[in-house]
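Read the structure below first, then the notes.
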Amino acid sequence: MKTSRARGHLIIHIILIAGIAITVFPFLWMIFTSFKTLPESMKIPPTILPESLNTESYKYVFDVLPFAKIYLNTVVITVLTVLFQVAFCTMAAYGFARIEFPFKNALFLILLAILMVPGQIFLIPQYLIIQNLGLTNTIPGLFLPHLFSAFGTFLLRQFFMSLPKELEEAALLDGCNRFQIFGKIMLPLVKPGIVALVIFTARFAWNDFMWPLIVNTDPQKMTLAPSLSLLKGQYATNYPVQMAGAVLAVIPMIIVFIIFQKQFIEGVAQSGIKG
Amino acid sequence: MSKANTKAVKKKATRRQKKDWVAGYLFIAPVTIGLFIFYVFPFLQNFWFSFNDVNKFNMATFNGIENYKQLFHEPDLLLALKNTFLYAIITVPIGLIISLVLASFMNSKIKGKGLYRTIYFLPSVTMAAAVALVWKLIFNGDYGILNEILGVFGIEGQSWLTNPDTALFCVMLVGIWSGAGYNMIILLAGMQGVSKSYYEAAEIDGAGPVQRFFKITIPLVSPTIFFVTITGLIGAFQVFDTLYMMIDMDKNPAFNAVKTVNVLFYQNAFVYGYKGYAAAISIFMFVIIMIITVFQLWGQKKWVNYD
């Protein structure tokens with residue numbers, strides 16, 4: 001019995017390690033290729049490790065694109081999107097979960113309906129709004145429509161709903177107003193929900209592709225994801241340069257993930273359970 | 001309590017209620033106003049656009065169901081539908097099976113689970129556009145590593161991404177690779193909610209691990225499986241980043257073979273500038289997704305287990 005279980009575990013480990021090889025290989029290949037010279041990257045058969053640590057491609061990325069600016073833009077829109085979404089969604093989620101007011105159910109139904117509709121439906125008019133406001137090729141144009149999230153409100157509402165009602169009833173009797181209850185009592189209790197939303201939104205904002213591709217064409221106002229498409233367009237066969245750009249684009253999120261991996265994984269698990 | 005007193009209490013309650021109304025509206029105002037401006041109004045406008053000819057200056061002229069007529073005569077529509085469905089029908093079930101197996105391994109008593117979990121989750125935090133670029137290199141027909149590896153096994157390599165027969169499958173592979181770890185975490189959370197006593201009882205009855213997986217795990221996490229399937233299908237219908245980055249729209253001979261409905265929408269809306277026509281495509285996509293969702297909701301009664 002015991003040996004059969006040990007053998008079972010061994011088989012599982014073998015399968016999992018094979019899976020890890022497939023999972024990790026593209027990352028390694030990205031890094032290895034980014035340090036190769038152009039001729040080396042086209043060698044047949046390919047070299048695995050770069051012959052020398054060639055950093056030309058990284059310099060190249062910063063030369064052909066305002067990459068420092070692009071980095072900054074991406075950080076700015078990610079931070080702003082997360083901050084505003086968390087502020088707005090927690091407030092609305094609390095309102096929908098705990099306060100009674102006329103038309104609440106109708107308004108919440110509209111919010112649910114938005115959740116069911118694929119994003120493409122909104123895209124053309126959203127683009128026209130941004131265009132009419134003169135915000136194409138600006139930073140606000142990148143994040144404005146994403147500050148308001150039906151998903152985030154719905155997710156956090158689930159967290160507020162699971163808190164016992166007695167908590168705020170006591171506080172109401174003590175003379176606290178709604179805003180005090182929200183800030184001092186409820187908000188700290190939905191922390192896991194807020195963490196889940198922060199992670200969800202940060203991943204989305206950092207990696208978003210189609211919207212920034214449509215709204216901003218000026219490299220000075222670009223974010224990382226669409227700038228990779230520029231690199232690809234200009235250096236179609238220069239893979240070391242493309243890989244250097246790709247490494248630079250994914251590294252910050254990976255570092256953040258490794259530091260906060262527990263929160264990341266719990267956040268995703270929560271969004272599955274509550275969503 | 002006297003009558004006057006109860007009246008006063010009632011009055012007080014309504015005043016408090018009214019104060020609550022104001023507070024409620026204040027709480028929901030930012031999200032609600034924002035959603036109306038950027039989602040509700042655009043939804044209506046998009047619907048209106050689908051019955052209009054929208055020119056380069058965004059002037060709309062009503063043209064009835066002309067856009068929809070054109071859509072059903074679109075030579076690429078059937079192809080785009082076929083590609084979209086093919087992508088969904090292959091990536092969603094295969095991705096689900098892989099994530100289920102991974103999640104059940106993570107739910108067992110093996111060592112090093114934390115490390116495995118972290119590594120498998122890695123693709124989910126990685127930008128799809130960047131991932132697409134490296135896979136493009138791996139699939140490269142001239143000096144890609146995949147052909148080299150296949151060569152070791154005596155398999156003839158080829159130009160995977162420019163061959164119309166293989167290009168879409170390559171994009172699918174990347175889709176599965178990207179999503180498996182994410183769904184693994186969601187399924188694992190579902191599995192951890194299953195009471196241990198079921199497994200203990202089954203083990204006493206002599207059920208092996210495979211039997212326990214099919215007889216206990218699958219039925220009890222069926223709500224989570226349902227969730228993963230629905231979100232996976234919706235995502236699959238909207239795949240764009242990897243397609244756009246792996247297949248060059250203007251020069252790849254395989255491009256037509258991988259065109260999806262979403263790509264058709266993107267091209268018409270933002271490359272050619274046929275916004276009215278593109279609006280009709282987006283409505284068409286919406287209707288298809290709705291039909292599938294309704295179908296799934298109806299079908300779930302047969303296999304999803306809510307206790």
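Labeling convention for the structure tokens: chains A, B, ... as they appear, residues from 1 per chain, ligands from 1 in order of appearance.
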### Query
Any idea what's packed within 7 Å of Val125 (chain B), counting only C-alpha atoms, ignoring anything in its chain fewer than 2 positions away? Could you give it as a list in words?
Arg203, Met253 and Ile254 of chain A; Leu122, Pro123 and Met127 of chain B
Mind dumping the selected residues with C-alpha atoms as a PDB file, in the first residue's frame?
```pdb
ATOM      1  CA  ARG A 203      -2.798  42.334 -14.446  1.00  0.00           C
ATOM      2  CA  MET A 253       4.849  41.930 -13.350  1.00  0.00           C
ATOM      3  CA  ILE A 254       6.776  38.704 -12.707  1.00  0.00           C
TER       4      ILE A 254
ATOM      5  CA  LEU B 122       3.560  32.269 -14.157  1.00  0.00           C
ATOM      6  CA  PRO B 123       2.085  32.442 -17.694  1.00  0.00           C
ATOM      7  CA  MET B 127       1.696  39.822 -21.062  1.00  0.00           C
TER       8      MET B 127
END
```
### Query
Could you list, as a PyMOL selection string, every residue of chain B that has an atom within 6 Å of an atom of chain A, counting only C-alpha atoms?
chain B and resi 21+24+27-28+31+34+38+42-43+126-127+129-130+134+143+185-186+189+282
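Considering only C-alpha atoms, the residue among B:Asn252, B:Ala23, B:Leu44, B:Tyr116 positioned nearest to Gln180 (chain A) is B:Ala23.
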#### Entry: Point-to-point distance from CA of Ile255 (chain A) to CA of Thr91 (chain B), Å rounded to tenths
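Answer for the CA of Ile255 (chain A) to CA of Thr91 (chain B) separation: 28.5 Å.
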### Task
Run DSSP on the backbone and give me the residues of region 30-219 of chain B it puts in helix (DSSP H, G or I), as a ChimeraX atom specification.
/B:30-49,66-73,77-106,113-125,128-138,145-152,167-192,196-204,209-219
### Message
List the spatial neighbours of region 237-240 of chain B as a list in words - criterion: any atom at most 7 Å away, only C-alpha atoms, same-chain residues fewer than 4 positions off excluded.
### Response
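Selected residues are Thr84, Ala88, Leu233, Tyr244, Asn262 and Val263 of chain B.
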### Task
Record the distance separating CA of Trp298 (chain B) and CA of Phe151 (chain A), expressed in Å with one decimal.
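Between these atoms lies a distance of 23.3 Å.
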Please provide the set of residues having any atom within 12 Å of Lys301 (chain B), restricted to only C-alpha atoms, with same-chain residues fewer than 5 positions apart removed, written as a compact mmCIF listing (two decimals) with N, CA and C atoms, in the first residue's frame.
```txt
# COMPACT_ATOMS: atom_id res chain seq x y z
N SER B 222 -18.27 20.47 -9.84
CA SER B 222 -18.92 20.81 -11.11
C SER B 222 -19.35 22.28 -11.21
N PRO B 223 -19.76 22.96 -10.12
CA PRO B 223 -20.07 24.38 -10.28
C PRO B 223 -18.84 25.18 -10.73
N PHE B 226 -18.11 24.49 -14.31
CA PHE B 226 -19.06 25.25 -15.11
C PHE B 226 -18.58 26.70 -15.27
N VAL B 294 -26.81 30.89 -22.84
CA VAL B 294 -28.15 30.40 -22.48
C VAL B 294 -28.19 28.87 -22.60
N PHE B 295 -27.61 28.39 -23.67
CA PHE B 295 -27.54 26.95 -23.91
C PHE B 295 -26.81 26.25 -22.76
N GLN B 296 -25.72 26.86 -22.31
CA GLN B 296 -24.94 26.30 -21.20
C GLN B 296 -25.73 26.33 -19.89
N TYR B 306 -25.32 21.38 -7.44
CA TYR B 306 -25.26 22.33 -6.31
C TYR B 306 -25.86 21.64 -5.10
```
### Message
So the first atom is CA of Pro253 (chain B) and the second is CA of Trp211 (chain A); what is the distance between them in Å, to one decimal place?
### Response
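That distance, rounded to one decimal, is 26.3 Å.
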Test item, strand (DSSP E) assignment across region 20-138 of chain B, answer as a PDB file with C-alpha atoms, in the first residue's frame:
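Below is the file selection33.pdb, written as the result:
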```pdb
ATOM      1  CA  ASN B  52     -26.174  53.168 -39.972  1.00  0.00           C
ATOM      2  CA  ASP B  53     -23.458  53.920 -42.436  1.00  0.00           C
ATOM      3  CA  VAL B  54     -20.783  55.626 -40.340  1.00  0.00           C
ATOM      4  CA  ALA B  60     -23.991  58.310 -39.152  1.00  0.00           C
ATOM      5  CA  THR B  61     -26.589  57.921 -41.882  1.00  0.00           C
ATOM      6  CA  PHE B  62     -29.412  55.495 -41.285  1.00  0.00           C
TER       7      PHE B  62
END
```
